[in-house]
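For reference, the structure is listed below as structure tokens.
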Amino acid sequence: MAVSDNIRAALLIMVSMTAFTVNDALMKLASGGLPFFQQIFLRGCLITGGLFVLAWSMGHLRYRTTPQDRKLTALRTAAEAVGTVFFLTALYSMPLANLSAILQALPLTVTLAAALFFGEAVGWRRIAAIVVGFVGVTIIIRPGMDGFTVYSLYGLAAVAAVTLRDLAARKLSSTIPSTRVALAAAIGVTVLSGLGSVVLQERWVVPSLGEGALITGAALCLMAGYTAAVAGMRGGDIGFVAPFRYTSLLVALILGLVLFNEWPDRLTMIGAGIVVATGLFTLYRERASRQTAALSAKGLRPR
């Protein structure tokens, strides 16, 4: 039986989200014996090398970018690098599933930021969903309560950085190869981690065989996740495919329990449920709005 483009794309997105989350778990496992920035630098070198080979083999290195795309790529790269530092700082000091739950607010923050900075139309339903979703995030991090840690703020900073990254990506030309954008981001993360290591005067150590395997596995997972994500988002309807990004939370729950003996408490689960529900509703309303706009452009009325 033939598989539809949307189903195939959804499966690819699920694979990409699983790969990204496994990368997070592997980096967390490797964090005990290596300096912080050294670990990021080593992974960055592996990813940069892999993406360079991929971009070269596809002929994407010969693509000439416009000045506008260069500026947007630089902005996206800076946001990616800063977001990586914030995210991994939080990851090494808080449960994997808790941090993943905070990251599920991204559809809400991107929608709100697009309305504020790009003037994109956002109806009252999506505004209400965003407000409720932020209440869910507050329940997860619980400022001023016993469950609160400063590392939750690093998680929120990572959300802000990734939101900026995604906004910059929205304005990139559709013709620029994704591998070029990803390669620039990998280089940016690697350079920033190298500078951070020098500034903090980290004393590098030779990775053990196990640590080297974990970092290599993390790099391979990131590359696989990137490849599957690009194929998934280009192969199906975005409105259908996007909700499957929440696979990452389920995988984070499983990996957190199996690898780190972590399980979120009841309040965190409630907050995560609110964030996911409002995120799904926001994606649904965005899809409905696009369909209405498309029908209106054709002189038709939505049913």
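Labels used: A, B, ... for chains in the order of the structure tokens, numbers from 1 for residues in each chain, and numbers from 1 for ligands as shown.
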
Closest-contact table, segment 130-215 of chain A side, partner segment 75-90 of chain A, 10 Å, counting only C-alpha atoms, as CSV:
residue,atom,partner,partner_atom,distance
A:Thr149,CA,A:Ala90,CA,9.7
A:Val150,CA,A:Ala90,CA,8.6
A:Tyr151,CA,A:Ala90,CA,4.9
A:Ser152,CA,A:Ala90,CA,6.7
A:Leu153,CA,A:Ala90,CA,8.2
A:Tyr154,CA,A:Phe86,CA,5.3
A:Gly155,CA,A:Phe87,CA,5.7
A:Leu156,CA,A:Phe86,CA,8.6
A:Ala157,CA,A:Phe86,CA,6.4
A:Ala158,CA,A:Gly83,CA,4.5
A:Val159,CA,A:Gly83,CA,7.4
A:Ala160,CA,A:Gly83,CA,7.8
A:Ala161,CA,A:Gly83,CA,4.9
A:Val162,CA,A:Gly83,CA,6.0
A:Thr163,CA,A:Ala79,CA,8.5
A:Leu164,CA,A:Ala79,CA,6.3
A:Arg165,CA,A:Arg76,CA,4.5
A:Asp166,CA,A:Arg76,CA,7.5
A:Leu167,CA,A:Arg76,CA,8.3
A:Ala168,CA,A:Arg76,CA,5.6
A:Ala169,CA,A:Arg76,CA,6.7
A:Leu172,CA,A:Arg76,CA,9.8
A:Val181,CA,A:Thr77,CA,8.1
A:Ala182,CA,A:Thr77,CA,8.5
A:Leu183,CA,A:Thr77,CA,9.3
A:Ala184,CA,A:Thr77,CA,6.3
A:Ala185,CA,A:Thr77,CA,4.5
A:Ala186,CA,A:Thr77,CA,7.9
A:Ile187,CA,A:Thr77,CA,8.3
A:Gly188,CA,A:Thr77,CA,5.8
A:Val189,CA,A:Ala81,CA,4.4
A:Thr190,CA,A:Ala81,CA,8.1
A:Val191,CA,A:Ala81,CA,8.8
A:Leu192,CA,A:Ala81,CA,6.7
A:Ser193,CA,A:Val85,CA,8.1
A:Gly196,CA,A:Val85,CA,9.7

- Message: Excluding segment 270-279 of chain A and its own-chain neighbours fewer than 5 positions away, which residues fall within 10 Å of it when counting only C-alpha atoms? Please give them as a VMD selection string.
- Response: chain A and resid 97 to 98 100 to 109 111 126 128 to 142 243 246 249 264 to 265 284 to 285

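Comparing the minimum interatomic distances between Ser174 of chain A and each of A:Thr247, A:Thr65, A:Ser208, A:Thr282, counting only C-alpha atoms, we find that A:Thr65 sits nearest.
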
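Among the candidate residues A:Met223, A:Ala242, A:Ala252, A:Val230, the one lying nearest to Val53 of chain A is A:Met223, with distances computed using only C-alpha atoms.
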
- Run DSSP on the backbone of this structure and report the residues of segment 144-240 of chain A it assigns to alpha helix (DSSP H), as a PyMOL selection string. chain A and resi 150-170+178-199+209-235+238-240

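Of the listed residues (A:Gly256, A:Gly194, A:Pro177, A:Gly212), A:Pro177 comes nearest to Trp56 of chain A; the distances count only C-alpha atoms.
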